[in-house]
Every structure is written in structure tokens, then in C-alpha cells.
Amino acid sequence: MRIGAFILVGLAAGSLTAEHPRSTYVLIANPASRVSRIDRKFLAEVFLRRATRWPDETPIRPVDLGPDAPARARFSQEILSRSVASMRSYWQQRIFSGQGLPPPELADDEAVVSFVVSHPGAIGYVAAGTPLSGATVLELN
Amino acid sequence: MRFVLAVSALALLAQRPAAAAGLTLPGQLAELQIHGFISQGFLLTSANDYLAHSSEGSFEFTEIGLNFTLPATDRLTLGLQIFSHDLGPVGDYRATLDWYSLDYHWRDWLGIRAGRVKLPFGLYNDSSDIDAARTSVLLPQSIYPAQNRDFLLAQTGGEVYGYRDLGAAGGLDYRLYGGTIFLDVKQQPGSPFTVVDLNVPFVAGGRMLWVPPIEGLRLGGSLQFLRLETHLLPASSSSSVAVNLPVMLWVASVEYTVRDLLFAAEYSRWRVRAQSSNPAMFPESLTFSERGYALTSYRVNSWLQAGAYYSVLFPNTNQRGGFAGRQLDAALTLRFDVNAYWLVKVEGHYMHGTAGLSPSLNGNRPLSSLTPDWALFTVKTTAFF
């Protein structure tokens with residue numbers, strides 16, 4: 001009985017605290033990538049590490065925000081169609097079976113901008129309103 | 001060795017609780033990524049001993065893994081994983097190289113791995129050791145039997161893999177492999193034969209997963225061929241019997257993920273032929289087994305997941321009658337993520353049938369003499385980074 005009540009409380013709490021994406025985000029790329037638009041499916045494959053090269057053969061270097069960033073939650077839901085927690089499970093499978101590594105997670109929006117600007121082939125996303133310091137803004141097809 | 005492993009992993013967890021450990025190497029080499037996990041579980045059955053001596057409660061359910069991955073260049077990745085486990089009579093905490101590979105990712109549609117590589121069989125075989133990657137404690141044992149881990153988990157050889165974008169038709173994920181499996185000869189207590197040697201001349205197969213343009217859907221099939229060659233010495237004879245076992249396994253898979261809800265179902269048949277140099281001592285046979293499950297899980301929030309599955313196993317399709325010829329397994333799981341690097345799972349199973357039980361764990365009693373309806377309760381906690 002107590003266990004049942006505990007589970008019900010958990011489920012109710014869950015419905016209140018489930019990840020609700022709020023923050024809008026901006027897609028950015030290294031200026032040398034010479035792209036201004038990106039296909040949504042291709043973008044998902046980049047962040048799942050299935051697509052690893054730009055059309056000019058430059059290696060793509062995707063970078064994530066930390067798991068608690070609201071922009072990460074929204075990006076994950078809209079582009080990858082999964083929650084951040086679900087993506088963590090996906091990467092656990094990949095890492096421990098030797099199938100690949102996830103994009104690095106950086107601490108905040110400024111760190112993502114700095115990484116993208118300084119690494120050829122880099123692509124990331126940051127919360128709307130973040131100073132972009134010369135990073136190319138990508139439009140989503 | 002297990003002590004060193006455990007201490008190393010714990011030390012890394014303590015130092016870097018919030019992320020994978022990274023080690024910057026000298027020169028132009030990229031950062032070495034270090035990940036690991038430690039699991040401890042408990043098994044309790046209402047009757048029969050399952051996986052371990054579970055009828056009295058067993059803590060012989062431990063896994064430790066530590067992996068190192070070095071993206072040496074943008075195309076070449078080196079990696080290895082050290083793994084130690086104990087599950088009843090299996091594992092005994094021996095540290096082994098779970099996998100190691102040299103991975104050359106030439107194009108997205110073609111990469112090559114050489115080394116000891118996890119076998120892609122079904123949706124989850126290559127990640128079956130990874131507790132953090134799923135909701136349930138035990139994967140459906142009909143298709144992913146933990147007792148057969150040594151046979152089914154990894155092969156030493158090579159594989160080609162890739163992902164092909166099919167445009168409006170979605171994408172295709174494929175892996176083809178060939179190699180061998182190195183097995184330790186282990187005597188089964190109570191067996192009428194002594195195993196003199198045991199070899200796997202080859203294992204080969206592949207898995208193809210179609211990712212159609214319906215988001216979250218994966219459809220696929222896996223096929224595996226292997227051959228076991230062994231010499232058995234009967235207790236009543238001084239000359240051994242050569243036994244060859246050509247085996248073919250296949251599984252059809254479907255998985256659908258929509259937001260935090262997951263559905264998966266798999267159906268599999270395994271064909272095992274036994275060829276004997278002395279059929280009077282070791283009879284020849286051809287056996288088809290049938291296996292399948294349907295699974296669902298739901299992530300309620302960042303700290304709670306619930307899951308359920310129903311799994312069926314018929315080890316011999318010609319002998320489905322009687323509870324010893326089947327094992328039906330209904331499981332319910334709750335997974336609690338205490339934080340991003342530590343989880344606890346609670347799981348209950350109702351079982352009908354004894355076909356998945358090991359006679360040697362049950363005092364060498366015939367399966368038909370064991371309790372037909374029984375329950376399994378398990379708790380497991382895992383820390384990972």
C-alpha cells in the first residue's frame with residue numbers, strides 16, 4: 001500500500017516536473033563552414049554523430065550545452081525528438097559498446113560560442129540573445 | 001585486479017562527479033575520454049535458483065566497467081573497455097578486455113573496426129552490460145540470456161559499419177562482422193561429459209536497421225552464424241567424442257520512441273544442429289528454439305522511469321508442452337535516477353515455466369521437477385560517469 005502511494009506520488013510529481021522546453025535557441029556554426037542553412041534531418045544526424053563531415057569534407061564538430069540548460073531541452077525535443085535524459089541513455093549505449101562518443105558538453109552559452117568560433121567545422125546552439133562574437137547564424141530548413 | 005578496478009573507478013567518480021573524465025595527452029593527440037560504471041544487484045526468487053543461488057537471496061550480481069576512448073584523428077579512434085562481473089557461477093570477478101578496437105571511420109557510410117568488437121544482435125545485445133542505458137534490470141532473457149554472455153557478447157575479428165542517408169526513405173544503419181570467439185572451457189557440475197576442448201572456428205553475421213522517415217521508428221533484422229567444435233569425454237569411456245555445432249540465429253526487431261515513451265518488440269529463432277562422431281554416446285540432433293518479447297517504458301520525469309515487458313522462450317519448438325518446455329516472463333520495473341550519475345532500480349517478475357533455468361544451479365534436478373510458477377525480485381544500483 002505504501003509502495004503504491006509512493007509510486008502514485010512519483011507519477012504525479014513527474015507530470016509536474018517533466019522537462020518542458022521553454023528557451024528559444026539560435027543555431028550557430030564556425031564562419032569558415034560557409035553554410036547558412038541546414039536541413040533539420042541532417043542536423044539531427046550531426047548531433048547523433050551519424051553525419052560527421054560538411055559537404056566540403058571538413059569534420060563536423062558538434063557541441064552541446066549542459067544537461068540542465070533550457071536551450072538544450074528545447075533543442076533536444078525539437079531536433080532530436082527526445083528528452084535530454086533519453087539522449088543520455090542513447091549515449092551510454094554508444095560509449096560503453098564502443099560505438100562512439102557524444103558531442104562535448106560545455107558549461108554555458110558563452111563557452112559554446114567561444115568553441116564554435118575557434119574550431120573549424122564546429123556547430124552548436126545557444127540561448128537566443130547570447131552575443132555571438134562572429135559565429136554564423138544558421139537557418140533551419 | 002578487481003580491487004584496483006573498483007578503486008580506480010571510484011577515484012574517478014569522486015574527482016569528477018559531474019562529467020566523464022578527460023585526460024589531455026602530450027603533443028597533438030586529442031583528449032582521452034574515460035568512462036566507467038559500477039553496479040551491485042540483489043536477486044531473490046520465491047522458488048528455484050535463477051542466474052545465481054537466488055532462492056536464498058544472492059548478491060552475486062556485480063558489474064564493473066572502465067573504458068578509455070582516444071579519438072586519435074578525425075577518422076581514427078582507439079578504445080578499450082575493462083570489464084569484471086559476477087553473476088552466480090558466471091564471471092567470478094575476472095577482469096577481461098570486454099572490447100577493444102581500432103576504428104577507422106572513412107566515410108559515414110563506411111567504417112572499419114578491428115579488434116574485439118561487441119556483437120550487434122537485435123536492438124540491445126551490444127549494450128546488454130550497460131545498466132544505465134535501459135529501464136529494466138534484466139533485458140528480456142529469452143533473446144538476451146545473461147548466462148550465455150560469453151557466447152553472444154563480442155567477437156574477435158573485424159567489422160564494417162556505416163550509416164546511409166536514404167533521403168525521403170530515411171536512413172540505413174548497418175554492421176557486418178566476422179571473426180571468432182575465445183571461450184574458456186568450464187565444466188558443468190553433474191554433467192555426464194568432461195569438456196576436453198572447445199573452439200569457435202568462426203562467427204559471422206550482421207545487423208541492418210532501417211530508420212524510416214517516421215520519427216523514432218527503427219525496424220531491423222540480425223543474422224548470425226557460428227560453429228562450435230568440442231571434444232567431450234564421457235564419464236563411462238576413455239575415448240572422446242567429437243561434437244560439432246553449427247548454429248544460426250536470427251532476430252527481427254522493431255522499436256518506436258515517441259518523446260519519453262518507448263515500445264520495442266523482437267522475435268527470434270535459433271537453429272542448432274549437433275553432429276557427433278559417436279551418436280551412441282552423444283546423439284545427433286536438430287533443434288529450433290523460439291524467443292520473443294514486447295517491451296514498453298516511459299520516462300515520467302528526470303528521476304523516474306517505469307517499464308514492463310512480456311517475454312517468451314521455447315528452447316525446443318517440438319517440445320512446447322509442459323512447463324519445462326517454456327518460460328514466460330512478465331516483468332515490471334521502476335528506475336529512480338538519484339542524480340545524473342547514480343540510479344536505483346526495483347524489478348519484479350512473474351515466471352511460468354522452467355525452461356530458462358539451469359539444472360546445475362538447481363542441484364542437477366530435471367527442469368520438470370522444479371516449481372512451475374515462481375517469482376523473481378531484484379534490486380540494482382549503478383553509478384556511472
# chains A, B, ... in the order shown; residues from 1 in each chain; ligands from 1
>>> interface_residues(of="chain B", to="chain A", cutoff="8 Å", atoms="only C-alpha atoms", output="list of chain:residue names")
B:His35, B:Asn67, B:Asp74, B:Gly79, B:Leu80, B:Gln81, B:Trp99, B:Tyr100, B:Ser101, B:Asp108, B:Val117, B:Lys118, B:Asp126, B:Ser127, B:Ile130, B:Ala132, B:Ala133, B:Arg134, B:Tyr163, B:Glu215, B:Gly216, B:Val258, B:Arg259, B:Asp260, B:Val300, B:Asn301, B:Ser302, B:Leu304
>>> write_last_selection(atoms="C-alpha atoms", output="PDB file, in the first residue's frame")
ATOM      1  CA  HIS B  35      34.031   6.468 -18.653  1.00  0.00           C
ATOM      2  CA  ASN B  67      36.596   2.386 -20.701  1.00  0.00           C
ATOM      3  CA  ASP B  74      39.127  12.856 -37.016  1.00  0.00           C
ATOM      4  CA  GLY B  79      39.281   2.322 -27.489  1.00  0.00           C
ATOM      5  CA  LEU B  80      39.122  -0.425 -24.925  1.00  0.00           C
ATOM      6  CA  GLN B  81      36.934  -1.446 -22.031  1.00  0.00           C
ATOM      7  CA  TRP B  99      36.084  -4.896 -26.122  1.00  0.00           C
ATOM      8  CA  TYR B 100      38.978  -3.143 -27.762  1.00  0.00           C
ATOM      9  CA  SER B 101      39.082  -1.726 -31.216  1.00  0.00           C
ATOM     10  CA  ASP B 108      29.722   7.987 -42.803  1.00  0.00           C
ATOM     11  CA  VAL B 117      34.000  -5.933 -31.074  1.00  0.00           C
ATOM     12  CA  LYS B 118      30.564  -6.184 -29.465  1.00  0.00           C
ATOM     13  CA  ASP B 126      25.804  -4.807 -27.782  1.00  0.00           C
ATOM     14  CA  SER B 127      24.663  -2.704 -24.826  1.00  0.00           C
ATOM     15  CA  ILE B 130      25.089  -1.241 -19.660  1.00  0.00           C
ATOM     16  CA  ALA B 132      22.324   2.879 -17.232  1.00  0.00           C
ATOM     17  CA  ALA B 133      21.197   2.635 -20.855  1.00  0.00           C
ATOM     18  CA  ARG B 134      17.843   0.967 -20.177  1.00  0.00           C
ATOM     19  CA  TYR B 163      25.004   4.785 -41.986  1.00  0.00           C
ATOM     20  CA  GLU B 215      10.463   9.841 -36.261  1.00  0.00           C
ATOM     21  CA  GLY B 216      11.545   7.457 -33.546  1.00  0.00           C
ATOM     22  CA  VAL B 258       7.969   8.952 -29.121  1.00  0.00           C
ATOM     23  CA  ARG B 259       9.181  11.583 -26.680  1.00  0.00           C
ATOM     24  CA  ASP B 260       9.684   9.651 -23.429  1.00  0.00           C
ATOM     25  CA  VAL B 300       7.904  10.077 -16.164  1.00  0.00           C
ATOM     26  CA  ASN B 301      10.410  12.789 -15.351  1.00  0.00           C
ATOM     27  CA  SER B 302      14.136  13.241 -14.966  1.00  0.00           C
ATOM     28  CA  LEU B 304      11.600   8.241 -12.535  1.00  0.00           C
TER      29      LEU B 304
END
>>> residues_around(residues="Ser33 (chain A)", least_positions_apart="3", cutoff="7 Å", atoms="only C-alpha atoms", output="PyMOL selection string")
chain A and resi 29-30+120-121
>>> write_last_selection(atoms="C-alpha atoms", output="compact mmCIF listing (two decimals), in the first residue's frame")
# COMPACT_ATOMS: atom_id res chain seq x y z
CA ALA A 29 28.43 27.48 -36.89
CA ASN A 30 32.05 28.38 -37.39
CA PRO A 120 36.71 24.97 -37.83
CA GLY A 121 33.72 22.75 -38.60
>>> select_by_dssp(residues="region 44-80 of chain A", states="alpha helix (DSSP H)", output="number ranges by chain")
A: 44-47, 70-75
>>> write_last_selection(atoms="C-alpha atoms", output="compact mmCIF listing (two decimals), in the first residue's frame")
# COMPACT_ATOMS: atom_id res chain seq x y z
CA ALA A 44 19.81 15.59 -36.07
CA GLU A 45 22.27 13.21 -37.71
CA VAL A 46 25.13 15.56 -36.83
CA PHE A 47 24.17 15.54 -33.14
CA PRO A 70 16.74 25.17 -21.09
CA ALA A 71 18.01 25.66 -24.65
CA ARG A 72 19.40 22.08 -24.57
CA ALA A 73 15.97 20.72 -23.58
CA ARG A 74 14.27 22.58 -26.39
CA PHE A 75 16.89 21.65 -28.97
>>> atom_distance(atom1="CA of Ala114 (chain B)", atom2="CA of Leu152 (chain B)")
17.7 Å
>>> closest_residue(among="A:Ala69, A:Ile79, A:Val63, A:Ala135", to="Ala32 (chain A)", atoms="only C-alpha atoms")
A:Ala135
>>> residues_around(residues="Met248 (chain B)", least_positions_apart="6", cutoff="10 Å", atoms="only C-alpha atoms", output="list in words")
Val203, Ala204, Gly205, Leu223, Gln224, Phe225, Leu226, Arg227, Arg269, Trp270, Arg271, Val272, Arg273 and Phe288 of chain B
>>> write_last_selection(atoms="C-alpha atoms", output="PDB file, in the first residue's frame")
ATOM      1  CA  VAL B 203      31.344 -16.371 -36.135  1.00  0.00           C
ATOM      2  CA  ALA B 204      29.890 -14.143 -38.830  1.00  0.00           C
ATOM      3  CA  GLY B 205      26.793 -12.084 -39.299  1.00  0.00           C
ATOM      4  CA  LEU B 223      21.585 -12.767 -38.586  1.00  0.00           C
ATOM      5  CA  GLN B 224      24.424 -14.704 -37.006  1.00  0.00           C
ATOM      6  CA  PHE B 225      26.220 -17.905 -37.930  1.00  0.00           C
ATOM      7  CA  LEU B 226      28.727 -19.628 -35.727  1.00  0.00           C
ATOM      8  CA  ARG B 227      30.257 -23.039 -35.357  1.00  0.00           C
ATOM      9  CA  ARG B 269      14.651 -18.273 -33.832  1.00  0.00           C
ATOM     10  CA  TRP B 270      17.853 -20.147 -33.125  1.00  0.00           C
ATOM     11  CA  ARG B 271      18.779 -23.268 -35.090  1.00  0.00           C
ATOM     12  CA  VAL B 272      21.309 -25.639 -33.501  1.00  0.00           C
ATOM     13  CA  ARG B 273      22.461 -28.825 -35.193  1.00  0.00           C
ATOM     14  CA  PHE B 288      14.875 -24.916 -33.247  1.00  0.00           C
TER      15      PHE B 288
END
>>> decode(residues="region 104-115 of chain A", atoms="C-alpha atoms", output="compact mmCIF listing (two decimals), in the first residue's frame")
# COMPACT_ATOMS: atom_id res chain seq x y z
CA PRO A 104 31.23 17.59 -25.70
CA GLU A 105 29.03 19.41 -23.20
CA LEU A 106 30.12 22.96 -22.41
CA ALA A 107 29.25 24.90 -19.32
CA ASP A 108 27.27 27.82 -20.75
CA ASP A 109 26.26 29.73 -23.88
CA GLU A 110 29.41 31.83 -23.91
CA ALA A 111 31.59 28.71 -23.83
CA VAL A 112 29.67 27.27 -26.79
CA VAL A 113 30.11 30.47 -28.80
CA SER A 114 33.80 30.56 -27.97
CA PHE A 115 34.24 26.90 -29.02
